[in-house]
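The data block below is start01.csv; it holds CSV, N, CA, C and O atoms.
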chain,number,residue,atom,x,y,z
Q,1,MET,N,140.6,37.7,52.1
Q,1,MET,CA,142.0,37.3,51.7
Q,1,MET,C,142.5,38.2,50.6
Q,1,MET,O,141.9,38.5,49.6
Q,2,PRO,N,143.8,38.7,50.8
Q,2,PRO,CA,144.3,39.6,49.8
Q,2,PRO,C,144.6,38.9,48.5
Q,2,PRO,O,144.9,37.7,48.5
Q,3,THR,N,144.5,39.6,47.4
Q,3,THR,CA,144.8,39.0,46.1
Q,3,THR,C,146.2,39.5,45.6
Q,3,THR,O,146.6,40.5,46.0
Q,4,ARG,N,146.8,38.7,44.8
Q,4,ARG,CA,148.1,39.0,44.3
Q,4,ARG,C,148.0,39.8,43.0
Q,4,ARG,O,147.1,39.6,42.2
Q,5,ILE,N,148.8,40.8,42.9
Q,5,ILE,CA,148.9,41.6,41.6
Q,5,ILE,C,149.8,40.9,40.7
Q,5,ILE,O,151.0,40.7,41.0
Q,6,ASP,N,149.2,40.4,39.6
Q,6,ASP,CA,150.0,39.5,38.7
Q,6,ASP,C,151.1,40.3,37.9
Q,6,ASP,O,152.2,39.7,37.7
Q,7,ALA,N,150.9,41.5,37.5
Q,7,ALA,CA,151.9,42.2,36.7
Q,7,ALA,C,152.0,43.6,37.3
Q,7,ALA,O,151.6,44.6,36.7
Q,8,PRO,N,152.7,43.8,38.4
Q,8,PRO,CA,152.8,45.1,39.0
Q,8,PRO,C,153.7,46.0,38.1
Q,8,PRO,O,154.7,45.5,37.5
Q,9,ALA,N,153.4,47.3,38.1
Q,9,ALA,CA,154.3,48.2,37.4
Q,9,ALA,C,155.6,48.4,38.1
Q,9,ALA,O,155.7,48.2,39.3
Q,10,LYS,N,156.6,48.8,37.4
Q,10,LYS,CA,157.9,49.0,38.0
Q,10,LYS,C,157.9,50.0,39.1
Q,10,LYS,O,158.5,49.8,40.2
Q,11,CYS,N,157.1,51.0,38.9
Q,11,CYS,CA,157.0,52.1,40.0
Q,11,CYS,C,156.4,51.5,41.2
Q,11,CYS,O,156.7,52.0,42.3
Q,12,GLU,N,155.4,50.6,41.1
Q,12,GLU,CA,154.8,50.0,42.2
Q,12,GLU,C,155.8,49.2,43.0
Q,12,GLU,O,155.8,49.2,44.3
Q,13,LEU,N,156.6,48.4,42.3
Q,13,LEU,CA,157.6,47.6,43.0
Q,13,LEU,C,158.6,48.5,43.7
Q,13,LEU,O,159.1,48.2,44.8
Q,14,ARG,N,159.0,49.5,43.0
Q,14,ARG,CA,160.0,50.4,43.6
Q,14,ARG,C,159.5,51.1,44.8
Q,14,ARG,O,160.2,51.4,45.8
Q,15,SER,N,158.2,51.4,44.8
Q,15,SER,CA,157.5,52.0,46.0
Q,15,SER,C,157.6,51.1,47.2
Q,15,SER,O,157.8,51.5,48.3
Q,16,VAL,N,157.4,49.8,46.9
Q,16,VAL,CA,157.5,48.8,48.0
Q,16,VAL,C,158.9,48.7,48.5
Q,16,VAL,O,159.1,48.7,49.7
Q,17,ILE,N,159.9,48.7,47.6
Q,17,ILE,CA,161.3,48.7,48.0
Q,17,ILE,C,161.6,49.9,48.9
Q,17,ILE,O,162.2,49.8,50.0
Q,18,ARG,N,161.1,51.1,48.5
Q,18,ARG,CA,161.3,52.3,49.3
Q,18,ARG,C,160.7,52.2,50.7
Q,18,ARG,O,161.2,52.6,51.7
Q,19,PHE,N,159.5,51.6,50.7
Q,19,PHE,CA,158.7,51.5,52.0
Q,19,PHE,C,159.5,50.5,52.9
Q,19,PHE,O,159.7,50.8,54.1
Q,20,TYR,N,159.9,49.3,52.4
Q,20,TYR,CA,160.6,48.4,53.2
Q,20,TYR,C,161.9,48.9,53.7
Q,20,TYR,O,162.3,48.7,54.8
Q,21,GLN,N,162.6,49.7,52.9
Q,21,GLN,CA,163.8,50.3,53.3
Q,21,GLN,C,163.6,51.3,54.4
Q,21,GLN,O,164.4,51.4,55.4
Q,22,ALA,N,162.5,52.1,54.3
Q,22,ALA,CA,162.2,53.0,55.3
Q,22,ALA,C,161.9,52.3,56.7
Q,22,ALA,O,162.1,52.9,57.7
Q,23,GLU,N,161.4,51.1,56.6
Q,23,GLU,CA,161.2,50.3,57.8
Q,23,GLU,C,162.5,49.8,58.4
Q,23,GLU,O,162.5,49.3,59.5
Q,24,GLY,N,163.6,50.0,57.7
Q,24,GLY,CA,164.9,49.5,58.2
Q,24,GLY,C,165.3,48.1,57.7
Q,24,GLY,O,166.3,47.6,58.2
Q,25,ASN,N,164.6,47.6,56.7
Q,25,ASN,CA,165.0,46.3,56.2
Q,25,ASN,C,166.2,46.4,55.3
Q,25,ASN,O,166.4,47.4,54.6
Q,26,SER,N,167.0,45.4,55.3
Q,26,SER,CA,168.2,45.4,54.4
Q,26,SER,C,167.7,45.1,52.9
Q,26,SER,O,166.5,44.7,52.7
Q,27,ALA,N,168.6,45.2,52.0
Q,27,ALA,CA,168.2,44.9,50.6
Q,27,ALA,C,167.8,43.4,50.4
Q,27,ALA,O,166.9,43.1,49.8
Q,28,ALA,N,168.6,42.6,51.1
Q,28,ALA,CA,168.3,41.1,51.1
Q,28,ALA,C,167.0,40.8,51.7
Q,28,ALA,O,166.2,40.0,51.1
Q,29,GLU,N,166.7,41.4,52.8
Q,29,GLU,CA,165.4,41.1,53.4
Q,29,GLU,C,164.2,41.7,52.6
Q,29,GLU,O,163.2,41.1,52.4
Q,30,THR,N,164.5,42.8,52.0
Q,30,THR,CA,163.5,43.4,51.1
Q,30,THR,C,163.2,42.5,49.9
Q,30,THR,O,162.0,42.2,49.6
Q,31,HIS,N,164.2,42.0,49.3
Q,31,HIS,CA,164.0,41.0,48.2
Q,31,HIS,C,163.3,39.8,48.6
Q,31,HIS,O,162.4,39.3,48.0
Q,32,ARG,N,163.6,39.2,49.8
Q,32,ARG,CA,162.9,38.0,50.3
Q,32,ARG,C,161.5,38.3,50.5
Q,32,ARG,O,160.6,37.5,50.1
Q,33,ARG,N,161.2,39.4,51.2
Q,33,ARG,CA,159.7,39.8,51.4
Q,33,ARG,C,159.0,39.9,50.1
Q,33,ARG,O,157.8,39.5,50.0
Q,34,MET,N,159.6,40.6,49.2
Q,34,MET,CA,158.9,40.9,47.9
Q,34,MET,C,158.7,39.6,47.1
Q,34,MET,O,157.7,39.4,46.5
Q,35,ARG,N,159.7,38.7,47.2
Q,35,ARG,CA,159.6,37.4,46.5
Q,35,ARG,C,158.4,36.6,47.0
Q,35,ARG,O,157.7,36.0,46.3
Q,36,ARG,N,158.3,36.7,48.3
Q,36,ARG,CA,157.1,35.9,49.0
Q,36,ARG,C,155.8,36.5,48.5
Q,36,ARG,O,154.9,35.7,48.2
Q,37,GLU,N,155.7,37.8,48.3
Q,37,GLU,CA,154.5,38.4,47.9
Q,37,GLU,C,154.2,38.4,46.4
Q,37,GLU,O,153.1,38.2,45.9
Q,38,CYS,N,155.3,38.6,45.6
Q,38,CYS,CA,155.1,38.7,44.1
Q,38,CYS,C,155.5,37.5,43.3
Q,38,CYS,O,155.2,37.4,42.1
Q,39,GLY,N,156.1,36.5,44.0
Q,39,GLY,CA,156.5,35.3,43.2
Q,39,GLY,C,158.0,35.4,42.9
Q,39,GLY,O,158.7,36.4,43.1
Q,40,ARG,N,158.5,34.4,42.2
Q,40,ARG,CA,160.0,34.4,42.0
Q,40,ARG,C,160.5,35.3,40.9
Q,40,ARG,O,161.6,35.8,41.0
Q,41,ASN,N,159.7,35.6,39.9
Q,41,ASN,CA,160.3,36.3,38.7
Q,41,ASN,C,159.9,37.8,38.7
Q,41,ASN,O,159.7,38.4,37.6
Q,42,PHE,N,159.8,38.4,39.8
Q,42,PHE,CA,159.3,39.8,39.8
Q,42,PHE,C,160.5,40.8,39.6
Q,42,PHE,O,160.3,41.8,38.8
Q,43,MET,N,161.6,40.6,40.2
Q,43,MET,CA,162.8,41.5,40.1
Q,43,MET,C,164.0,40.8,40.6
Q,43,MET,O,163.9,40.1,41.6
Q,44,SER,N,165.1,40.9,40.0
Q,44,SER,CA,166.3,40.3,40.5
Q,44,SER,C,166.8,40.9,41.8
Q,44,SER,O,166.5,42.1,42.1
Q,45,ASP,N,167.6,40.1,42.5
Q,45,ASP,CA,168.2,40.6,43.8
Q,45,ASP,C,169.1,41.8,43.5
Q,45,ASP,O,169.1,42.8,44.2
Q,46,CYS,N,169.8,41.8,42.4
Q,46,CYS,CA,170.7,42.9,42.0
Q,46,CYS,C,170.0,44.2,41.8
Q,46,CYS,O,170.4,45.3,42.2
Q,47,VAL,N,168.8,44.1,41.1
Q,47,VAL,CA,168.0,45.3,40.9
Q,47,VAL,C,167.4,45.8,42.2
Q,47,VAL,O,167.4,47.1,42.4
Q,48,VAL,N,167.0,45.0,43.0
Q,48,VAL,CA,166.5,45.4,44.3
Q,48,VAL,C,167.6,46.1,45.1
Q,48,VAL,O,167.4,47.2,45.6
Q,49,ARG,N,168.8,45.6,45.1
Q,49,ARG,CA,169.9,46.2,45.8
Q,49,ARG,C,170.3,47.6,45.1
Q,49,ARG,O,170.6,48.5,45.8
Q,50,GLU,N,170.2,47.6,43.8
Q,50,GLU,CA,170.5,48.9,43.1
Q,50,GLU,C,169.5,50.0,43.6
Q,50,GLU,O,169.9,51.1,43.9
Q,51,TRP,N,168.2,49.6,43.6
Q,51,TRP,CA,167.2,50.6,44.0
Q,51,TRP,C,167.3,51.0,45.5
Q,51,TRP,O,167.1,52.1,45.9
Q,52,CYS,N,167.7,50.0,46.3
Q,52,CYS,CA,167.9,50.3,47.8
Q,52,CYS,C,169.0,51.3,47.9
Q,52,CYS,O,169.0,52.3,48.7
Q,53,ARG,N,170.1,51.1,47.1
Q,53,ARG,CA,171.2,52.1,47.1
Q,53,ARG,C,170.8,53.5,46.7
Q,53,ARG,O,171.2,54.5,47.2
Q,54,LYS,N,170.0,53.5,45.6
Q,54,LYS,CA,169.5,54.8,45.1
Q,54,LYS,C,168.7,55.5,46.2
Q,54,LYS,O,168.9,56.7,46.4
Q,55,PHE,N,167.8,54.8,46.8
Q,55,PHE,CA,167.0,55.4,47.9
Q,55,PHE,C,167.8,55.9,49.1
Q,55,PHE,O,167.6,56.9,49.7
Q,56,LYS,N,168.8,55.0,49.4
Q,56,LYS,CA,169.7,55.4,50.5
Q,56,LYS,C,170.5,56.6,50.2
Q,56,LYS,O,170.8,57.5,51.1
Q,57,ASP,N,170.8,56.8,48.9
Q,57,ASP,CA,171.6,58.0,48.5
Q,57,ASP,C,170.7,59.3,48.3
Q,57,ASP,O,171.2,60.3,47.9
Q,58,GLY,N,169.4,59.1,48.6
Q,58,GLY,CA,168.5,60.3,48.6
Q,58,GLY,C,167.5,60.4,47.5
Q,58,GLY,O,166.7,61.3,47.5
Q,59,ARG,N,167.5,59.4,46.6
Q,59,ARG,CA,166.5,59.4,45.6
Q,59,ARG,C,165.1,59.2,46.2
Q,59,ARG,O,165.0,58.4,47.1
Q,60,THR,N,164.1,59.9,45.7
Q,60,THR,CA,162.7,59.7,46.2
Q,60,THR,C,161.8,59.3,45.1
Q,60,THR,O,160.7,58.8,45.4
Q,61,ASP,N,162.1,59.6,43.8
Q,61,ASP,CA,161.2,59.3,42.7
Q,61,ASP,C,161.3,57.8,42.3
Q,61,ASP,O,162.4,57.3,42.2
Q,62,VAL,N,160.2,57.1,42.1
Q,62,VAL,CA,160.2,55.7,41.8
Q,62,VAL,C,160.1,55.5,40.3
Q,62,VAL,O,160.1,54.3,39.9
Q,63,ARG,N,159.9,56.5,39.6
Q,63,ARG,CA,159.7,56.4,38.1
Q,63,ARG,C,161.1,56.4,37.4
Q,63,ARG,O,162.1,56.9,37.9
Q,64,ASP,N,161.1,55.8,36.2
Q,64,ASP,CA,162.3,55.8,35.4
Q,64,ASP,C,162.7,57.2,35.0
Q,64,ASP,O,161.8,58.0,34.7
Q,65,GLU,N,163.9,57.5,35.0
Q,65,GLU,CA,164.3,58.8,34.5
Q,65,GLU,C,164.0,59.1,33.1
Q,65,GLU,O,163.6,60.2,32.7
Q,66,GLU,N,164.0,58.0,32.2
Q,66,GLU,CA,163.6,58.2,30.8
Q,66,GLU,C,162.2,58.6,30.7
Q,66,GLU,O,161.8,59.3,29.8
Q,67,GLU,N,161.3,58.2,31.6
Q,67,GLU,CA,159.9,58.6,31.6
Q,67,GLU,C,159.7,60.1,31.9
Q,67,GLU,O,158.9,60.7,31.4
Q,68,GLN,N,160.6,60.6,32.7
Q,68,GLN,CA,160.5,62.0,33.2
Q,68,GLN,C,161.1,62.9,32.1
Q,68,GLN,O,160.5,64.0,31.9
Q,69,GLU,N,162.1,62.5,31.4
Q,69,GLU,CA,162.8,63.4,30.5
Q,69,GLU,C,162.9,62.7,29.1
Q,69,GLU,O,163.9,62.2,28.7
Q,70,ARG,N,161.8,62.6,28.4
Q,70,ARG,CA,161.8,61.9,27.1
Q,70,ARG,C,162.6,62.7,26.1
Q,70,ARG,O,162.4,63.9,26.0
Q,71,LYS,N,163.5,62.0,25.5
Q,71,LYS,CA,164.3,62.7,24.5
Q,71,LYS,C,163.5,62.8,23.2
Q,71,LYS,O,162.8,61.9,22.8
Q,72,SER,N,163.8,63.9,22.5
Q,72,SER,CA,163.1,64.1,21.2
Q,72,SER,C,163.8,63.2,20.1
Q,72,SER,O,165.0,63.0,20.1
Q,73,VAL,N,163.0,62.5,19.3
Q,73,VAL,CA,163.6,61.7,18.2
Q,73,VAL,C,163.7,62.5,17.0
Q,73,VAL,O,164.3,62.1,16.0
Q,74,ALA,N,163.3,63.8,17.0
Q,74,ALA,CA,163.4,64.6,15.8
Q,74,ALA,C,164.8,65.2,15.7
Q,74,ALA,O,165.3,65.7,16.6
Q,75,THR,N,165.4,65.1,14.5
Q,75,THR,CA,166.7,65.7,14.3
Q,75,THR,C,166.4,66.8,13.2
Q,75,THR,O,165.4,66.9,12.6
Q,76,GLU,N,167.4,67.7,13.1
Q,76,GLU,CA,167.3,68.8,12.2
Q,76,GLU,C,167.1,68.2,10.8
Q,76,GLU,O,166.3,68.8,10.0
Q,77,ASP,N,167.8,67.2,10.4
Q,77,ASP,CA,167.7,66.6,9.1
Q,77,ASP,C,166.3,66.0,8.9
Q,77,ASP,O,165.7,66.2,7.8
Q,78,LEU,N,165.7,65.4,9.9
Q,78,LEU,CA,164.4,64.9,9.7
Q,78,LEU,C,163.4,66.0,9.5
Q,78,LEU,O,162.5,65.9,8.7
Q,79,VAL,N,163.5,67.0,10.3
Q,79,VAL,CA,162.6,68.2,10.2
Q,79,VAL,C,162.7,68.8,8.8
Q,79,VAL,O,161.7,69.1,8.2
Q,80,LYS,N,163.9,68.9,8.2
Q,80,LYS,CA,164.0,69.5,6.9
Q,80,LYS,C,163.4,68.6,5.8
Q,80,LYS,O,163.0,69.1,4.8
Q,81,ARG,N,163.3,67.3,6.0
Q,81,ARG,CA,162.7,66.4,5.0
Q,81,ARG,C,161.2,66.4,5.0
Q,81,ARG,O,160.6,65.8,4.1
Q,82,LEU,N,160.6,67.0,6.1
Q,82,LEU,CA,159.1,67.0,6.1
Q,82,LEU,C,158.6,67.9,5.0
Q,82,LEU,O,159.1,69.0,4.7
Q,83,PRO,N,157.5,67.5,4.3
Q,83,PRO,CA,157.0,68.3,3.3
Q,83,PRO,C,156.3,69.6,3.8
Q,83,PRO,O,155.9,69.6,4.9
Q,84,CYS,N,156.3,70.6,3.0
Q,84,CYS,CA,155.8,71.9,3.4
Q,84,CYS,C,154.3,71.7,3.8
Q,84,CYS,O,153.8,72.5,4.6
Q,85,SER,N,153.6,70.8,3.1
Q,85,SER,CA,152.2,70.6,3.5
Q,85,SER,C,152.0,70.2,4.9
Q,85,SER,O,151.0,70.6,5.6
Q,86,PHE,N,152.9,69.5,5.5
Q,86,PHE,CA,152.8,69.2,6.9
Q,86,PHE,C,152.9,70.4,7.8
Q,86,PHE,O,152.0,70.6,8.7
Q,87,TRP,N,153.8,71.3,7.5
Q,87,TRP,CA,153.9,72.5,8.3
Q,87,TRP,C,152.7,73.4,8.2
Q,87,TRP,O,152.3,74.0,9.1
Q,88,GLY,N,152.2,73.4,7.0
Q,88,GLY,CA,151.0,74.2,6.7
Q,88,GLY,C,149.8,73.7,7.5
Q,88,GLY,O,148.9,74.5,7.9
Q,89,SER,N,149.7,72.4,7.7
Q,89,SER,CA,148.6,71.8,8.4
Q,89,SER,C,148.6,72.1,9.9
Q,89,SER,O,147.6,71.8,10.6
Q,90,LEU,N,149.7,72.6,10.4
Q,90,LEU,CA,149.7,72.9,11.8
Q,90,LEU,C,149.1,74.3,12.2
Q,90,LEU,O,149.1,74.7,13.3
Q,91,ASN,N,148.6,75.0,11.2
Q,91,ASN,CA,147.9,76.3,11.4
Q,91,ASN,C,148.8,77.3,12.1
Q,91,ASN,O,148.4,78.0,13.0
Q,92,GLY,N,150.1,77.3,11.7
Q,92,GLY,CA,151.0,78.3,12.3
Q,92,GLY,C,151.5,78.0,13.7
Q,92,GLY,O,152.0,78.8,14.4
Q,93,THR,N,151.2,76.8,14.2
Q,93,THR,CA,151.5,76.5,15.6
Q,93,THR,C,153.1,76.4,15.8
Q,93,THR,O,153.6,76.9,16.8
Q,94,TYR,N,153.8,75.9,14.8
Q,94,TYR,CA,155.2,75.8,14.9
Q,94,TYR,C,155.9,76.6,13.8
Q,94,TYR,O,155.4,76.7,12.7
Q,95,LEU,N,157.0,77.2,14.1
Q,95,LEU,CA,157.8,78.0,13.2
Q,95,LEU,C,159.1,77.3,13.0
Q,95,LEU,O,159.7,76.9,13.9
Q,96,ILE,N,159.5,77.3,11.7
Q,96,ILE,CA,160.8,76.7,11.4
Q,96,ILE,C,161.8,77.9,11.1
Q,96,ILE,O,161.4,78.7,10.2
Q,97,SER,N,162.9,77.9,11.7
Q,97,SER,CA,163.8,79.0,11.4
Q,97,SER,C,164.9,78.5,10.4
Q,97,SER,O,165.1,77.4,10.2
Once more with this new file: its structure as structure tokens, please.
Amino acid sequence: MPTRIDAPAKCELRSVIRFYQAEGNSAAETHRRMRRECGRNFMSDCVVREWCRKFKDGRTDVRDEEEQERKSVATEDLVKRLPCSFWGSLNGTYLIS
């Protein structure tokens, strides 16, 4: 008997959405099928529809865009406030202009 995955990752759920859509299921049917498998609180109907739309428009990646392109939290002001001892501990790995 198959076991239920209690806390699936977002990318796993999106992969299922992509698979069901490739089978020709509508967004509503995809949501119904996933709700049967994952329980009621896995993902809203609106989110499933949004991902169905993204895949229909040609998206293939199931990961969040933020995960792919993480923004740096370092600002020029923050870098200037770091003590010189920090930069010396990097063994010349980084240069400050």
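Across the structure, atom C of Q:Phe19 and atom CA of Q:Asn41 are spaced 20.1 Å apart.
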Please list as a compact mmCIF listing (two decimals) with N, CA, C and O atoms, in the coordinates of the input every residue within 7 Å of Q:Val62, counting only N, CA, C and O atoms and excluding residues in the same chain fewer than 3 positions away.
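The resulting file, result.txt, is shown below:
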# COMPACT_ATOMS: atom_id res chain seq x y z
N LYS Q 10 156.60 48.80 37.40
CA LYS Q 10 157.90 49.00 38.00
C LYS Q 10 157.90 50.00 39.10
O LYS Q 10 158.50 49.80 40.20
N CYS Q 11 157.10 51.00 38.90
CA CYS Q 11 157.00 52.10 40.00
C CYS Q 11 156.40 51.50 41.20
O CYS Q 11 156.70 52.00 42.30
N GLU Q 12 155.40 50.60 41.10
CA GLU Q 12 154.80 50.00 42.20
C GLU Q 12 155.80 49.20 43.00
O GLU Q 12 155.80 49.20 44.30
N ARG Q 14 159.00 49.50 43.00
CA ARG Q 14 160.00 50.40 43.60
C ARG Q 14 159.50 51.10 44.80
O ARG Q 14 160.20 51.40 45.80
N SER Q 15 158.20 51.40 44.80
CA SER Q 15 157.50 52.00 46.00
C SER Q 15 157.60 51.10 47.20
O SER Q 15 157.80 51.50 48.30
N ARG Q 59 167.50 59.40 46.60
CA ARG Q 59 166.50 59.40 45.60
C ARG Q 59 165.10 59.20 46.20
O ARG Q 59 165.00 58.40 47.10
N GLU Q 65 163.90 57.50 35.00
CA GLU Q 65 164.30 58.80 34.50
C GLU Q 65 164.00 59.10 33.10
O GLU Q 65 163.60 60.20 32.70
Would you mind reading off the distance between atom CA of Q:Arg49 and atom CA of Q:Ala27, one decimal, in Å?
5.3 Å
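Atom N of Q:Arg40 is positioned 28.0 Å from atom C of Q:Gly58.
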Excluding Q:Val48 and any residue of its chain fewer than 4 positions from it, enumerate the residues within 9 Å of it, using only C-alpha atoms, and give them as a list of chain:residue names.
Q:Arg14, Q:Ile17, Q:Ala27, Q:Ala28, Q:Thr30, Q:His31, Q:Met43, Q:Ser44, Q:Cys52, Q:Arg53
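For the residues Q:Glu50, Q:Asp61, Q:Asp45, Q:Glu76, ranking by smallest atom-to-atom distance to Q:Arg32 using only C-alpha atoms places Q:Asp45 first.
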